[in-house]
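Notes follow once the structure below has been shown.
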Amino acid sequence: MAKRGLSHREVTTPDATGTRVLIRDRKPRNWELLLLLGPPLVFLLVFFLYPLGRVVYGSFFSPQFNVAAYQRIFRAALYLKAFSITLRVSLLTTLSCAVLGYVCAYFLAGTAPATRQKLMLCVIIPFFLSMLVRNYIWMAILQRTGLINKLLMRLQIIDHPLELMYNEFGVLVVMTNMLLPYMILPILASLLSISGDLANASASLGASPLRTFWRVTFPLSLPGVSAGSLLVFIVSLGFFITPALVGGPKQTMISNLIDFNVREVLNWPFAYALATTLLVGTLILYFIYIRVLEGRLPRMGFS
Amino acid sequence: MDGSLLSAMGRNWVRAMGAAVLAFLVVPVLFVFPMSLSSSMIFELIPEKPGLMQYARFFGSSNWMRAVLMSVQAACGTTVLATILGVLASLGLHRFPTRWRASLEAMLILPRIVPSIVFAVAAYSLFLRVGLAGSLLGLIVAHSILATPFVVVLVSSALAGFDRSQEEASRSLGANQFRTFFRITLPQIRLAVFAGALFAFNVSFDEVVVTLFISGTYTKTLPVKVWDAILYEMSPILPAISTLIISVTLLIMVPVLLMQRRTAAP
């Protein structure tokens with residue numbers, strides 16, 4: 001019987017002990033790859049890369065080449081304010097996620113694997129629920145007539161409702177709530193990869209638990225903290241729903257500005273310029289994320 | 001890391017604070033269930049006169065039902081398209097020379113990395129040009145771009161554990177590519193494909209940012225209508241709708257999570 005078209009090439013690869021081991025690898029035929037990867041890549045090109053390209057192009061050519069839109073962005077105080085608000089909110093969100101996330105990850109790392117799997121559901125399941133619905137629930141909680149104010153008033157702790165929404169506080173609380181999983185998962189992975197022997201060695205050498213934590217555990221968990229922080233920061237920058245629903249006018253972030261320029265004012269070139277700026281910023285940060293942290297972090301599924 | 005590190009370090013403090021954070025994540029979501037049983041205009045955690053009034057209003061409203069129908073149609077279309085494209089991409093990725101595989105994978109995941117507002121503007125702008133704005137097909141296309149990366153990740157990880165030599169054995173015995181795929185490969189990755197399909201449905205069903213831009217008056221999906229209601233009406237029907245939306249996701253995610261547990265190596 002003819003062996004149809006199987007072309008092997010002999011390849012060696014080091015195994016776990018470093019010895020070179022012979023494996024056989026079938027060379028993929030070009031038409032195979034074309035048939036398989038062609039449709040998805042063409043789809044991606046036409047309906048994702050091309051539209052993005054149009055946006056970048058449109059920010060510079062409206063229709064003649066001009067940088068008027070960019071000049072407006074980087075000169076007008078109004079738009080610089082939006083950028084600074086975006087950065088400020090993102091940084092504060094990252095900070096609060098880092099603190100709360102580390103505590104939670106540390107707690108989870110110290111639980112038995114069986115318990116931990118169940119507790120992880122508390123982190124993962126809300127993550128997959130509709131973000132719109134979760135933001136609405138927070139509105140119902142934080143509003144003047146919302147659950148918190150009603151409870152505090154009923155318990156007669158306060159006379160007038162607290163302003164928990166349409167301000168920076170509300171936005172930070174909700175964004176932290178939305179983004180904590182992005183922080184908890186990498187830190188947890190980092191903590192779990194620390195060998196228990198190190199803690200034991202440190203203790204046996206006379207270090208107090210606090211010192212062990214500060215000198216041994218915490219430094220070793222920093223890759224997870226950096227990964228989580230960078231991730232939270234990047235996602236915060238482009239956040240749209242929370243500042244739109246929970247924030248006030250002073251919490252207008254870049255994404256809200258883009259929305260305003262497209263759906264309200266129809267100022268396309270300007271919207272394109274804002275979008276391009278956000279896009280380029282995001283991509284640069286992701287590039288940094290991948291370069292700096294890849295390989296220093298245990299694989300964690302997809303994030 | 002074992003538990004001994006926690007033992008003398010204020011273990012109880014860490015436990016309390018860690019549990020508090022977990023509660024912070026989970027409890028708000030639970031609130032919406034009792035809230036949806038309220039019959040009044042105010043938000044109550046423990047409704048005075050609990051009833052299914054709001055649900056009745058929701059199912060009895062042709063406006064809302066039309067939005068639900070649109071969402072389901074878009075989600076079904078997305079599921080089919082994203083799953084097919086995702087499986088094809090994963091198979092191709094699996095056979096791709098290892099050197100460039102990571103870059104190719106990064107490109108396939110790109111739609112989840114780019115902020116949704118940027119893609120929303122890009123898609124809206126293009127759709128206006130080619131007449132897809134406000135159309136169901138446009139919804140399906142845009143949602144598929146956002147859903148395919150999930151399918152790719154899920155199916156790729158299943159393929160990673162799949163032994164290629166089975167395919168080769170099948171081929172050397174005379175079966176062609178298609179037969180090999182459907183009789184050998186697919187049965188072993190079908191859990192991942194199914195999970196990917198469910199994921200794609202969920203992505204489309206909940207999608208709001210991009211859909212806000214590309215949907216038209218006659219193609220409003222459920223999330224878009226909820227968005228409008230939040231901004232302009234704030235009616236007591238919203239907790240009930242929220243409960244339903246969450247329940248759909250939970251129904252979808254539970255089998256996916258169970259599947260992940262099953263296929264995860266011990």
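Convention: chains lettered A, B, ... in structure tokens order; per-chain residue numbering from 1; ligands numbered from 1 as shown.
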Which residues of chain B sit at most 7 Å from chain A, using only C-alpha atoms? Give each one's shortest atom pair and distance in Å (one decimal place), in chain and ascending residue order, as a tab-separated table.
```
residue	atom	partner	partner_atom	distance
B:Met1	CA	A:Gly196	CA	4.4
B:Asp2	CA	A:Gly196	CA	5.3
B:Gly3	CA	A:Gly110	CA	4.9
B:Leu5	CA	A:Ala199	CA	6.5
B:Leu6	CA	A:Gly110	CA	6.7
B:Ala8	CA	A:Pro209	CA	6.4
B:Met9	CA	A:Pro209	CA	5.9
B:Val14	CA	A:Phe107	CA	5.9
B:Arg15	CA	A:Phe107	CA	5.7
B:Met17	CA	A:Val103	CA	6.8
B:Gly18	CA	A:Cys104	CA	4.1
B:Val21	CA	A:Cys104	CA	6.2
B:Leu22	CA	A:Cys122	CA	6.1
B:Leu25	CA	A:Asn177	CA	6.2
B:Val26	CA	A:Cys122	CA	5.7
B:Pro28	CA	A:Ile137	CA	6.9
B:Val29	CA	A:Arg134	CA	6.7
B:Val32	CA	A:Ile137	CA	6.7
B:Phe43	CA	A:Gly146	CA	6.1
B:Glu44	CA	A:Leu147	CA	6.9
B:Leu45	CA	A:Leu147	CA	7.0
B:Leu85	CA	A:Pro40	CA	5.1
B:Leu88	CA	A:Leu36	CA	4.9
B:Ala89	CA	A:Leu37	CA	5.1
B:Leu91	CA	A:Leu36	CA	6.6
B:Gly92	CA	A:Leu36	CA	5.0
B:Arg95	CA	A:Pro28	CA	6.1
B:Val114	CA	A:Leu279	CA	6.6
B:Pro115	CA	A:Gly238	CA	5.2
B:Ile117	CA	A:Ser255	CA	6.1
B:Val118	CA	A:Ala275	CA	5.4
B:Phe119	CA	A:Leu52	CA	6.9
B:Ala122	CA	A:Pro51	CA	4.9
B:Ala123	CA	A:Pro51	CA	6.0
B:Leu126	CA	A:Pro51	CA	6.0
B:Ile145	CA	A:Leu44	CA	6.8
B:Ser172	CA	A:Lys3	CA	5.3
B:Asp206	CA	A:Ser130	CA	5.4
B:Ser242	CA	A:Val133	CA	5.7
B:Ile246	CA	A:Leu129	CA	6.1
B:Thr249	CA	A:Leu129	CA	6.2
```
DSSP on the backbone: which residues in segment 162-286 of chain A end up as alpha helix (DSSP H)? Give the answer as JSON, numbers by chain.
{"A": [168, 169, 170, 171, 172, 173, 174, 175, 176, 177, 178, 179, 180, 181, 182, 183, 184, 185, 186, 187, 188, 189, 190, 191, 192, 196, 197, 198, 199, 200, 201, 202, 203, 204, 209, 210, 211, 212, 218, 219, 220, 221, 222, 223, 224, 225, 226, 227, 228, 229, 230, 231, 232, 233, 234, 235, 236, 237, 241, 242, 243, 244, 245, 246, 254, 255, 256, 257, 258, 259, 268, 269, 270, 271, 272, 273, 274, 275, 276, 277, 278, 279, 280, 281, 282, 283, 284, 285, 286]}
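Take atom CA of Arg291 of chain A and atom CA of Gly228 of chain A: the distance between them is 14.5 Å.
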Measuring between only C-alpha atoms, which one of B:Leu258, B:Ile245, B:Leu136, B:Ile113 shows the shortest distance to Leu285 of chain A?
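Nearest to Leu285 of chain A: B:Ile113.
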Considering only C-alpha atoms, return as number ranges by chain whatever protein or nucleic-acid residues lie within 12 Å of segment 179-195 of chain B, sequence-local ones (same chain, fewer than 3 positions apart) excluded.
A: 36; B: 79-80, 82-88, 90-91, 148, 150-176, 198-202, 252-264
Please list as a PyMOL selection string every residue within 6 Å of Phe270 of chain A, counting only C-alpha atoms and excluding residues in the same chain fewer than 3 positions away.
chain A and resi 69+267+273
Contact residues around Thr217 of chain B with only C-alpha atoms at 12 Å, ignoring same-chain residues under 5 positions, as JSON, numbers by chain
{"B": [63, 66, 67, 70, 133, 134, 135, 136, 211, 212, 224, 225, 228]}
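The two atoms in question, atom CA of Phe205 of chain B and atom CA of Val72 of chain B, are spaced 6.9 Å apart.
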